[in-house]
>>> print(open('start-v4.txt').read())   # compact mmCIF, C-alpha atoms and all ligand atoms
# COMPACT_ATOMS: atom_id res chain seq x y z
CA MET A 1 29.85 -4.65 41.39
CA SER A 2 30.16 -8.25 40.23
CA LEU A 3 26.64 -8.01 38.73
CA LEU A 4 27.67 -4.86 36.82
CA ARG A 5 30.91 -6.45 35.59
CA HIS A 6 29.12 -9.59 34.33
CA GLY A 7 26.34 -7.53 32.77
CA LEU A 8 28.71 -5.31 30.79
CA PHE A 9 31.74 -7.46 30.03
CA HIS A 10 31.36 -10.99 28.73
CA ASP A 11 35.02 -11.72 28.03
CA ASP A 12 35.03 -14.57 30.55
CA TRP A 13 32.08 -16.32 28.85
CA PRO A 14 33.17 -19.28 26.73
CA PRO A 15 32.00 -19.08 23.09
CA ALA A 16 28.91 -21.21 22.43
CA TRP A 17 30.75 -22.88 19.55
CA ARG A 18 34.38 -22.65 18.51
CA ALA A 19 36.18 -21.86 15.26
CA HIS A 20 38.67 -24.49 14.04
CA PRO A 21 41.10 -24.75 11.16
CA LEU A 22 39.59 -26.79 8.32
CA ARG A 23 40.79 -30.40 8.55
CA ARG A 24 41.88 -32.03 5.33
CA THR A 25 39.68 -35.06 6.08
CA TYR A 26 36.31 -35.53 7.76
CA ASP A 27 34.18 -38.66 8.06
CA VAL A 28 31.06 -36.64 7.24
CA VAL A 29 30.68 -33.22 5.62
CA ILE A 30 27.32 -31.54 6.08
CA ILE A 31 26.55 -28.68 3.72
CA GLY A 32 24.26 -26.09 5.30
CA GLY A 33 24.52 -24.68 8.83
CA GLY A 34 20.82 -24.33 9.53
CA VAL A 35 18.69 -26.33 11.94
CA HIS A 36 18.78 -29.40 9.69
CA GLY A 37 22.54 -29.50 9.21
CA LEU A 38 23.35 -28.73 12.83
CA ALA A 39 20.77 -31.20 14.18
CA THR A 40 22.19 -33.92 11.89
CA ALA A 41 25.68 -33.21 13.23
CA TYR A 42 24.47 -33.14 16.84
CA TYR A 43 22.65 -36.51 16.60
CA LEU A 44 25.52 -38.10 14.64
CA ALA A 45 27.89 -37.20 17.44
CA SER A 46 25.64 -37.61 20.48
CA ARG A 47 23.73 -40.76 19.48
CA HIS A 48 26.12 -42.56 17.13
CA GLY A 49 29.56 -41.48 18.29
CA ILE A 50 30.48 -40.08 14.84
CA ARG A 51 32.37 -36.94 15.79
CA ASN A 52 34.78 -36.24 12.95
CA VAL A 53 32.10 -34.14 11.30
CA ALA A 54 32.19 -30.73 9.58
CA VAL A 55 29.20 -28.45 9.08
CA LEU A 56 29.88 -25.93 6.31
CA ASP A 57 27.93 -22.76 5.74
CA LYS A 58 28.69 -20.23 3.04
CA GLY A 59 27.45 -17.45 5.34
CA TYR A 60 26.71 -17.60 9.06
CA ILE A 61 24.82 -20.36 10.85
CA GLY A 62 21.04 -19.86 10.83
CA GLY A 63 21.34 -17.15 8.14
CA GLY A 64 19.11 -19.02 5.67
CA GLY A 65 15.65 -20.49 6.18
CA SER A 66 16.32 -21.26 9.86
CA GLY A 67 16.51 -17.57 10.75
CA ARG A 68 13.91 -16.38 8.23
CA ASN A 69 10.89 -18.53 8.99
CA THR A 70 7.99 -17.49 11.21
CA ALA A 71 8.92 -20.07 13.88
CA ILE A 72 5.67 -22.05 13.78
CA ILE A 73 5.69 -25.64 15.08
CA ARG A 74 2.81 -28.03 14.35
CA SER A 75 2.12 -31.59 13.27
CA ASN A 76 -1.46 -31.39 11.93
CA TYR A 77 -0.56 -32.61 8.43
CA LEU A 78 -2.73 -34.40 5.88
CA THR A 79 -1.02 -37.71 5.11
CA PRO A 80 -0.28 -40.38 7.74
CA GLU A 81 3.41 -40.27 6.67
CA GLY A 82 3.52 -36.49 7.15
CA VAL A 83 1.65 -36.50 10.47
CA ARG A 84 3.91 -39.20 11.97
CA PHE A 85 7.03 -37.42 10.79
CA TYR A 86 6.15 -33.90 11.96
CA ASP A 87 4.77 -35.25 15.23
CA ARG A 88 8.11 -36.89 16.03
CA SER A 89 9.67 -33.47 15.42
CA LEU A 90 7.20 -31.75 17.72
CA LYS A 91 7.97 -34.30 20.43
CA LEU A 92 11.70 -33.63 20.02
CA TYR A 93 11.01 -29.89 20.23
CA GLU A 94 9.09 -30.46 23.49
CA THR A 95 12.21 -31.78 25.23
CA LEU A 96 14.81 -29.80 23.26
CA ALA A 97 15.50 -27.16 25.91
CA ALA A 98 16.25 -29.89 28.47
CA ASP A 99 18.17 -32.06 25.97
CA LEU A 100 20.42 -29.18 24.86
CA ASN A 101 20.40 -27.34 28.21
CA PHE A 102 19.50 -24.22 26.21
CA ASN A 103 16.27 -22.25 26.49
CA VAL A 104 14.56 -22.48 23.08
CA MET A 105 11.39 -20.82 24.41
CA PHE A 106 8.89 -23.28 22.94
CA SER A 107 5.41 -21.90 23.60
CA GLN A 108 2.71 -24.50 22.86
CA ARG A 109 -0.05 -21.94 22.64
CA GLY A 110 -2.23 -23.78 20.11
CA HIS A 111 -2.63 -23.39 16.35
CA LEU A 112 -5.82 -22.48 14.47
CA THR A 113 -6.28 -22.95 10.71
CA LEU A 114 -9.41 -21.09 9.66
CA ALA A 115 -11.90 -22.37 7.09
CA HIS A 116 -13.79 -19.75 5.10
CA ASN A 117 -15.59 -22.09 2.72
CA ASP A 118 -17.08 -25.58 2.58
CA SER A 119 -14.21 -27.19 0.76
CA SER A 120 -11.66 -25.89 3.33
CA LEU A 121 -13.88 -27.18 6.11
CA ARG A 122 -13.98 -30.61 4.44
CA THR A 123 -10.16 -30.66 4.28
CA MET A 124 -9.96 -29.62 7.97
CA ARG A 125 -12.26 -32.53 8.92
CA TRP A 126 -10.16 -34.89 6.85
CA ARG A 127 -6.97 -33.65 8.51
CA ALA A 128 -8.54 -33.90 11.98
CA GLU A 129 -9.44 -37.55 11.36
CA VAL A 130 -5.98 -38.47 10.00
CA ASN A 131 -4.37 -36.61 12.91
CA LYS A 132 -6.48 -38.42 15.52
CA LEU A 133 -5.68 -41.81 13.98
CA GLN A 134 -1.98 -40.95 14.46
CA GLY A 135 -2.59 -39.85 18.05
CA VAL A 136 -2.23 -36.14 17.25
CA ASN A 137 -4.51 -33.70 19.03
CA SER A 138 -6.57 -31.86 16.37
CA GLU A 139 -10.26 -31.10 16.06
CA VAL A 140 -12.60 -28.93 14.03
CA ILE A 141 -14.22 -26.16 16.09
CA GLY A 142 -16.89 -23.56 15.27
CA PRO A 143 -16.89 -19.73 15.26
CA ASP A 144 -18.01 -19.42 18.90
CA GLU A 145 -15.07 -21.45 20.16
CA ILE A 146 -12.73 -19.55 17.84
CA LYS A 147 -13.96 -16.27 19.32
CA LYS A 148 -13.17 -17.54 22.82
CA LEU A 149 -9.62 -18.36 21.76
CA VAL A 150 -9.10 -15.14 19.76
CA PRO A 151 -11.45 -12.42 21.03
CA TYR A 152 -10.12 -9.85 18.52
CA MET A 153 -11.11 -11.97 15.53
CA ASP A 154 -14.08 -10.88 13.45
CA VAL A 155 -16.20 -14.05 13.34
CA SER A 156 -19.37 -12.25 12.21
CA GLU A 157 -21.18 -13.23 9.03
CA ASN A 158 -21.06 -9.71 7.61
CA VAL A 159 -17.57 -9.95 6.14
CA ARG A 160 -16.31 -10.87 2.70
CA TYR A 161 -14.89 -14.22 3.89
CA PRO A 162 -16.93 -15.40 6.91
CA ILE A 163 -15.20 -17.90 9.20
CA LEU A 164 -17.09 -21.20 9.11
CA GLY A 165 -14.81 -23.11 11.47
CA ALA A 166 -11.19 -23.99 12.13
CA LEU A 167 -8.84 -26.88 12.63
CA TYR A 168 -7.63 -26.45 16.22
CA HIS A 169 -4.31 -28.07 17.11
CA PRO A 170 -3.50 -27.40 20.80
CA PRO A 171 0.12 -28.73 20.80
CA GLY A 172 1.16 -26.34 18.00
CA GLY A 173 2.88 -23.07 18.79
CA ILE A 174 5.97 -20.96 18.26
CA ILE A 175 9.58 -21.18 19.32
CA ARG A 176 12.66 -18.93 19.31
CA HIS A 177 14.18 -20.04 16.00
CA ASP A 178 17.65 -18.50 16.57
CA ALA A 179 17.87 -20.28 19.92
CA VAL A 180 17.19 -23.61 18.21
CA VAL A 181 20.11 -22.97 15.83
CA TRP A 182 22.45 -21.82 18.60
CA GLY A 183 21.40 -24.67 20.90
CA TYR A 184 22.16 -27.33 18.29
CA ALA A 185 25.43 -25.58 17.36
CA ARG A 186 26.53 -25.50 20.99
CA GLY A 187 25.43 -29.10 21.48
CA ALA A 188 27.35 -30.29 18.38
CA ASP A 189 30.42 -28.27 19.36
CA ALA A 190 30.46 -29.97 22.77
CA TYR A 191 31.04 -33.27 20.88
CA ASP A 192 33.89 -31.64 18.87
CA VAL A 193 31.93 -31.24 15.64
CA HIS A 194 33.61 -28.51 13.54
CA ILE A 195 31.36 -25.67 12.43
CA HIS A 196 32.88 -23.70 9.53
CA GLN A 197 31.11 -20.46 8.69
CA ASN A 198 31.98 -18.45 5.55
CA THR A 199 32.96 -21.71 3.90
CA GLU A 200 31.36 -22.09 0.50
CA VAL A 201 31.19 -25.39 -1.35
CA LEU A 202 32.45 -24.98 -4.90
CA GLY A 203 32.34 -28.59 -6.07
CA ILE A 204 31.74 -32.19 -5.01
CA GLU A 205 34.15 -34.84 -6.30
CA VAL A 206 32.50 -38.03 -7.47
CA VAL A 207 34.64 -40.85 -8.86
CA ASN A 208 33.05 -44.04 -10.24
CA GLY A 209 29.70 -43.13 -8.72
CA ARG A 210 31.15 -42.52 -5.24
CA VAL A 211 31.82 -39.32 -3.29
CA GLN A 212 35.53 -38.64 -2.70
CA GLY A 213 35.67 -35.08 -1.46
CA VAL A 214 34.43 -31.52 -1.41
CA GLU A 215 36.09 -28.43 -2.87
CA THR A 216 35.51 -25.28 -0.81
CA ASN A 217 36.68 -21.68 -0.90
CA GLN A 218 38.92 -22.64 2.07
CA GLY A 219 40.46 -25.67 0.37
CA ARG A 220 39.71 -29.33 -0.39
CA ILE A 221 38.26 -31.81 2.11
CA ALA A 222 38.57 -35.55 1.58
CA THR A 223 35.42 -37.36 2.70
CA GLY A 224 33.29 -40.36 1.78
CA THR A 225 30.00 -38.88 3.01
CA VAL A 226 28.40 -35.58 2.04
CA VAL A 227 24.94 -34.48 3.16
CA ASN A 228 23.08 -31.70 1.36
CA CYS A 229 21.11 -29.89 4.09
CA THR A 230 20.60 -26.65 2.21
CA ALA A 231 17.46 -24.71 1.35
CA GLY A 232 17.40 -22.37 -1.61
CA TRP A 233 20.64 -23.85 -2.93
CA SER A 234 19.59 -27.50 -2.79
CA THR A 235 19.43 -28.04 -6.56
CA LEU A 236 22.76 -26.26 -7.14
CA ILE A 237 24.54 -28.41 -4.52
CA SER A 238 22.93 -31.64 -5.75
CA ASP A 239 23.90 -30.75 -9.34
CA MET A 240 27.55 -30.63 -8.16
CA ALA A 241 27.24 -34.35 -7.33
CA GLY A 242 25.42 -35.03 -10.60
CA VAL A 243 22.06 -35.69 -8.90
CA SER A 244 19.17 -33.68 -10.27
CA MET A 245 16.27 -32.77 -8.02
CA PRO A 246 12.63 -32.09 -8.99
CA ILE A 247 12.64 -28.79 -7.09
CA GLN A 248 11.77 -25.19 -7.91
CA THR A 249 12.74 -22.35 -5.57
CA PHE A 250 10.35 -19.56 -4.58
CA PRO A 251 10.76 -16.69 -2.09
CA LEU A 252 8.44 -16.57 0.92
CA GLN A 253 8.02 -13.17 2.54
CA ALA A 254 7.30 -12.28 6.14
CA ALA A 255 7.00 -9.14 8.26
CA VAL A 256 6.97 -8.02 11.89
CA THR A 257 5.20 -5.15 13.66
CA GLU A 258 6.12 -2.94 16.56
CA PRO A 259 5.54 -4.62 19.95
CA VAL A 260 2.17 -4.23 21.68
CA LYS A 261 0.63 -5.67 24.85
CA PRO A 262 0.01 -9.42 24.62
CA PHE A 263 -3.47 -10.10 23.17
CA LEU A 264 -3.03 -13.04 20.78
CA ASP A 265 -2.52 -16.37 22.52
CA THR A 266 -2.72 -18.73 19.54
CA VAL A 267 -1.19 -19.00 16.09
CA VAL A 268 -3.81 -18.07 13.49
CA VAL A 269 -3.67 -19.17 9.86
CA SER A 270 -6.05 -18.36 7.04
CA GLY A 271 -5.34 -20.11 3.77
CA THR A 272 -8.12 -18.25 1.95
CA LEU A 273 -6.77 -14.87 3.06
CA HIS A 274 -3.15 -15.97 2.49
CA VAL A 275 -1.98 -14.92 5.92
CA TYR A 276 -0.74 -16.32 9.24
CA VAL A 277 0.01 -14.43 12.42
CA SER A 278 1.40 -15.01 15.90
CA GLN A 279 2.51 -12.72 18.72
CA THR A 280 6.05 -13.11 20.02
CA ASP A 281 7.03 -13.02 23.68
CA ARG A 282 8.24 -9.45 23.03
CA GLY A 283 4.77 -8.47 21.80
CA GLU A 284 5.50 -8.10 18.08
CA LEU A 285 3.10 -9.61 15.57
CA VAL A 286 4.85 -11.85 13.06
CA PHE A 287 3.05 -12.28 9.74
CA GLY A 288 3.63 -14.45 6.73
CA ALA A 289 1.82 -15.22 3.51
CA SER A 290 1.95 -17.49 0.46
CA VAL A 291 5.15 -17.96 -1.51
CA ASP A 292 5.75 -15.36 -4.22
CA PRO A 293 4.12 -16.29 -7.52
CA PHE A 294 7.42 -16.46 -9.46
CA ALA A 295 10.40 -18.78 -9.02
CA SER A 296 13.41 -16.74 -7.87
CA TYR A 297 16.43 -16.73 -5.56
CA SER A 298 15.71 -13.18 -4.39
CA MET A 299 15.55 -12.57 -0.64
CA ARG A 300 14.28 -9.00 -0.90
CA GLY A 301 10.88 -7.93 0.35
CA SER A 302 8.37 -6.25 -1.97
CA LEU A 303 5.83 -3.44 -1.52
CA GLU A 304 3.21 -5.58 -3.23
CA PHE A 305 3.58 -8.15 -0.42
CA VAL A 306 3.02 -5.71 2.46
CA GLU A 307 0.06 -4.08 0.71
CA GLY A 308 -1.64 -7.45 0.19
CA LEU A 309 -0.75 -8.59 3.70
CA ALA A 310 -2.21 -5.47 5.34
CA GLY A 311 -5.51 -5.88 3.47
CA HIS A 312 -5.84 -9.52 4.47
CA VAL A 313 -4.90 -8.99 8.10
CA LEU A 314 -7.52 -6.24 8.44
CA GLU A 315 -10.22 -8.54 7.08
CA LEU A 316 -9.47 -10.84 10.02
CA MET A 317 -8.70 -8.36 12.79
CA PRO A 318 -9.89 -4.84 11.88
CA SER A 319 -8.66 -3.46 15.20
CA LEU A 320 -5.04 -3.81 14.05
CA ALA A 321 -5.45 -0.94 11.57
CA LYS A 322 -3.11 1.43 13.42
CA MET A 323 -0.25 -0.98 13.99
CA ARG A 324 3.05 -0.22 12.26
CA LEU A 325 5.19 -2.73 10.42
CA LEU A 326 8.84 -2.57 11.46
CA ARG A 327 10.56 -4.96 9.08
CA GLN A 328 9.99 -7.36 6.25
CA TRP A 329 12.22 -10.04 4.77
CA ALA A 330 12.14 -13.15 2.61
CA GLY A 331 13.49 -16.70 2.72
CA LEU A 332 13.80 -19.31 0.02
CA CYS A 333 11.50 -22.32 -0.25
CA ASP A 334 12.41 -25.37 -2.32
CA MET A 335 9.13 -26.74 -3.60
CA THR A 336 8.76 -30.39 -4.69
CA PRO A 337 5.90 -31.64 -6.88
CA ASP A 338 4.07 -33.24 -3.89
CA PHE A 339 5.08 -30.69 -1.20
CA SER A 340 6.91 -33.37 0.81
CA PRO A 341 10.69 -33.39 1.37
CA ILE A 342 13.34 -35.46 -0.40
CA MET A 343 15.44 -37.34 2.15
CA GLY A 344 18.01 -40.10 2.32
CA PHE A 345 20.35 -41.85 -0.09
CA THR A 346 20.79 -40.94 -3.75
CA PRO A 347 22.16 -42.87 -6.74
CA VAL A 348 25.61 -41.41 -5.92
CA GLU A 349 27.17 -43.47 -3.13
CA GLY A 350 28.00 -41.31 -0.14
CA PHE A 351 25.83 -38.38 -1.28
CA LEU A 352 22.71 -37.95 0.85
CA VAL A 353 20.01 -35.28 0.73
CA ASP A 354 17.74 -33.59 3.24
CA VAL A 355 16.07 -31.05 0.96
CA GLY A 356 12.84 -29.90 -0.71
CA TRP A 357 11.21 -28.58 2.44
CA GLY A 358 8.95 -26.03 0.81
CA THR A 359 7.45 -23.97 3.63
CA TYR A 360 7.73 -26.78 6.21
CA GLY A 361 11.46 -26.97 6.87
CA PHE A 362 11.97 -25.33 10.24
CA LYS A 363 9.42 -27.42 12.09
CA ALA A 364 11.05 -30.62 10.74
CA GLY A 365 14.60 -29.77 11.87
CA PRO A 366 14.91 -32.12 14.87
CA VAL A 367 13.34 -35.20 13.27
CA ALA A 368 15.24 -34.60 10.02
CA GLY A 369 18.52 -34.41 11.94
CA GLU A 370 17.67 -37.53 13.93
CA ALA A 371 16.69 -39.51 10.81
CA MET A 372 19.61 -38.34 8.64
CA ALA A 373 22.07 -39.21 11.42
CA GLU A 374 20.58 -42.70 11.63
CA CYS A 375 20.79 -43.09 7.82
CA ILE A 376 24.48 -42.20 7.83
CA ALA A 377 25.39 -44.23 10.91
CA THR A 378 23.54 -47.42 9.97
CA GLY A 379 23.55 -47.25 6.15
CA ARG A 380 19.78 -47.92 6.26
CA THR A 381 16.77 -45.67 5.68
CA PRO A 382 14.76 -45.28 8.92
CA ASP A 383 11.03 -46.10 8.57
CA ILE A 384 10.03 -42.55 9.49
CA ILE A 385 11.52 -41.17 6.24
CA ALA A 386 11.01 -44.21 4.00
CA ALA A 387 8.18 -42.45 2.13
CA PHE A 388 10.34 -39.42 1.27
CA GLY A 389 12.99 -41.00 -0.97
CA LEU A 390 13.98 -39.46 -4.31
CA ASP A 391 12.85 -42.62 -6.12
CA ARG A 392 9.19 -41.89 -5.33
CA PHE A 393 9.11 -39.52 -8.30
CA THR A 394 10.12 -42.25 -10.76
CA GLU A 395 7.98 -44.87 -9.06
CA GLY A 396 4.84 -42.72 -8.72
CA ARG A 397 4.56 -42.94 -4.91
CA LEU A 398 3.90 -39.27 -4.18
CA VAL A 399 3.06 -38.07 -0.66
CA GLY A 400 0.69 -35.15 -1.34
CA GLU A 401 0.96 -32.56 1.43
CA LYS A 402 -0.34 -29.48 -0.40
CA GLY A 403 -3.58 -29.68 1.61
CA ALA A 404 -1.63 -29.23 4.86
CA ALA A 405 -0.01 -25.96 3.79
CA ALA A 406 -0.40 -23.03 6.14
CA VAL A 407 -1.49 -20.91 3.18
CA GLY A 408 -1.71 -21.47 -0.58
CA HIS A 409 1.38 -22.42 -2.56
O1 LIG B 501 3.51 -24.76 7.48
O2 LIG B 501 3.02 -23.87 9.41
C1 LIG B 501 3.49 -23.82 8.27
C2 LIG B 501 4.09 -22.57 7.82
C3 LIG B 501 4.05 -21.38 8.44
C4 LIG B 501 4.75 -20.52 7.65
C5 LIG B 501 5.19 -21.18 6.56
N1 LIG B 501 4.78 -22.45 6.68
>>> encode(input="start-v4.txt", output="structure tokens")
Amino acid sequence: MSLLRHGLFHDDWPPAWRAHPLRRTYDVVIIGGGVHGLATAYYLASRHGIRNVAVLDKGYIGGGGSGRNTAIIRSNYLTPEGVRFYDRSLKLYETLAADLNFNVMFSQRGHLTLAHNDSSLRTMRWRAEVNKLQGVNSEVIGPDEIKKLVPYMDVSENVRYPILGALYHPPGGIIRHDAVVWGYARGADAYDVHIHQNTEVLGIEVVNGRVQGVETNQGRIATGTVVNCTAGWSTLISDMAGVSMPIQTFPLQAAVTEPVKPFLDTVVVSGTLHVYVSQTDRGELVFGASVDPFASYSMRGSLEFVEGLAGHVLELMPSLAKMRLLRQWAGLCDMTPDFSPIMGFTPVEGFLVDVGWGTYGFKAGPVAGEAMAECIATGRTPDIIAAFGLDRFTEGRLVGEKGAAAVGH
């Protein structure tokens, strides 16, 4: 009887995070209630004791890129700066369930990036060497080993794009992205961080080069520190503070099939075929592709995308021909000229950014939150994000990560 009551009625369960009236003053206002914003709030409160913090989201938490990505975690990047950074994130993801006491279902099932031509294979070898030098487990493997990992893959030579090899990254995998958002929200709430959903930022007050407050659709907040943790809206928010960002926004589409018996134990990416796929714990196949070819803020799926996707998937795994797609969606990707993020202080005192994530944002959430919290608490830029400052574009110190993209940009 008690089992039945608890299964059907949850009115005695405490909410995972609470709603609060908007205070007129906060020490820190974080714009964007995705993984980045919530992780920043959580680490500010838990590691640095800064608890008078508001996280604002114009919709619901995790409703942007955090809930729209394909939940892939990896650290097999191309530059030493990128590899170190994403590897710290992967390490934080490894202990996140224990740290937050919330099951985020991280499955380190391995990650394969296929090479279908000599130049891709060269880049894979380059990445493997950079990865190894940073202590990250990555190696180039041949078609026979790929076949052992993914028996359904067509590794024969009689196809349009034969598979010559792959970059194999055993610690990579997938995670439950909503759980990561909810876990950080619950963790931040436990330190009395205020999470304000349906709270849209309308303006940022800057007086004599210094942040003074934020205007929202729920009223004004006085604050000396504002952090832009948005994706899709990052240029619009930064413009409010008078800081312009070298970013263009493109939709990235994804789709999911009906569930089938588990058969795919690794994440598979093919840059040449513009597709990546993984199988969820529920058995669905989750697919993604390249960003759309035109800059846009649209989050609608297109028929063109699913047609192209189906063709490419069947080149790789012809036996999937009868599977049905259930849903498709899109998220927004803020692309920078070098495909690395823009993080840290800006010329406006008290206005910090954690933006420009392109297609890499979700996997960076924990390390971005940890680093941004340290920036705010200490007033110094941590070494791990030193390479990602806005000034690199005026000083010509780009950190080129295009070669580490899952698929073409
Ligand atoms: O970088 O692994 C990645 C990725 C997957 C989907 C979009 N980006």
>>> residues_near_ligand(input="start-v4.txt", ligand="ligand LIG 501 (chain B)", cutoff="10 Å", atoms="only C-alpha atoms and all ligand atoms", output="JSON, numbers by chain")
{"A": [69, 70, 71, 72, 73, 74, 75, 76, 77, 111, 113, 172, 173, 174, 252, 253, 254, 267, 268, 269, 275, 276, 277, 287, 288, 289, 290, 291, 333, 357, 358, 359, 360, 361, 362, 363, 402, 404, 405, 406, 407, 408, 409]}
>>> closest_residue(input="start-v4.txt", among="A:Ala330, A:Ile50, A:Leu325, A:Ala166", to="Val260 of chain A", atoms="all atoms listed in the file")
A:Leu325
>>> atom_distance(input="start-v4.txt", atom1="atom CA of Gln197 of chain A", atom2="atom CA of Gly32 of chain A")
9.5 Å
>>> atom_distance(input="start-v4.txt", atom1="atom CA of Ala368 of chain A", atom2="atom CA of Leu22 of chain A")
25.6 Å
>>> closest_residue(input="start-v4.txt", among="A:Cys375, A:Val180, A:Leu114, A:Ile141", to="Thr346 of chain A", atoms="only C-alpha atoms")
A:Cys375
>>> residues_around(input="start-v4.txt", residues="Met343 of chain A", least_positions_apart="2", cutoff="6 Å", atoms="all atoms listed in the file", output="PDB file with C-alpha atoms, in the frame of the given file")
ATOM      1  CA  VAL A 353      20.010 -35.280   0.730  1.00  0.00           C
ATOM      2  CA  ASP A 354      17.740 -33.590   3.240  1.00  0.00           C
ATOM      3  CA  PHE A 388      10.340 -39.420   1.270  1.00  0.00           C
ATOM      4  CA  GLY A 389      12.990 -41.000  -0.970  1.00  0.00           C
TER       5      GLY A 389
END
>>> closest_residue(input="start-v4.txt", among="A:Arg186, A:Arg109, A:His48, A:Arg84", to="Ile385 of chain A", atoms="all atoms listed in the file")
A:Arg84
>>> closest_residue(input="start-v4.txt", among="A:Gln218, A:Phe9, A:Gly183, A:Arg51", to="Ala98 of chain A", atoms="all atoms listed in the file")
A:Gly183
>>> closest_residue(input="start-v4.txt", among="A:Gly7, A:Gly311, A:Gly135, A:Gly331", to="Arg68 of chain A", atoms="only C-alpha atoms")
A:Gly331
>>> closest_residue(input="start-v4.txt", among="A:Thr199, A:Ser298, A:Asn228, A:Thr257", to="Ala321 of chain A", atoms="only C-alpha atoms")
A:Thr257
>>> residues_around(input="start-v4.txt", residues="segment 235-247 of chain A", least_positions_apart="2", cutoff="10 Å", atoms="all atoms listed in the file", output="PyMOL selection string")
chain A and resi 31+201-207+209-211+214+226-233+249-250+333-337+339+341-342+346-348+351-353+355-358+390+393
>>> atom_distance(input="start-v4.txt", atom1="atom CA of Ile61 of chain A", atom2="atom CA of Tyr42 of chain A")
14.1 Å
>>> axis_aligned_box(input="start-v4.txt", around="segment 393-408 of chain A", padding_each_side="8 Å", output="lines of an AutoDock Vina configuration file")
center_x = 3.3
center_y = -32.9
center_z = -2.3
size_x = 29.7
size_y = 40.0
size_z = 32.9
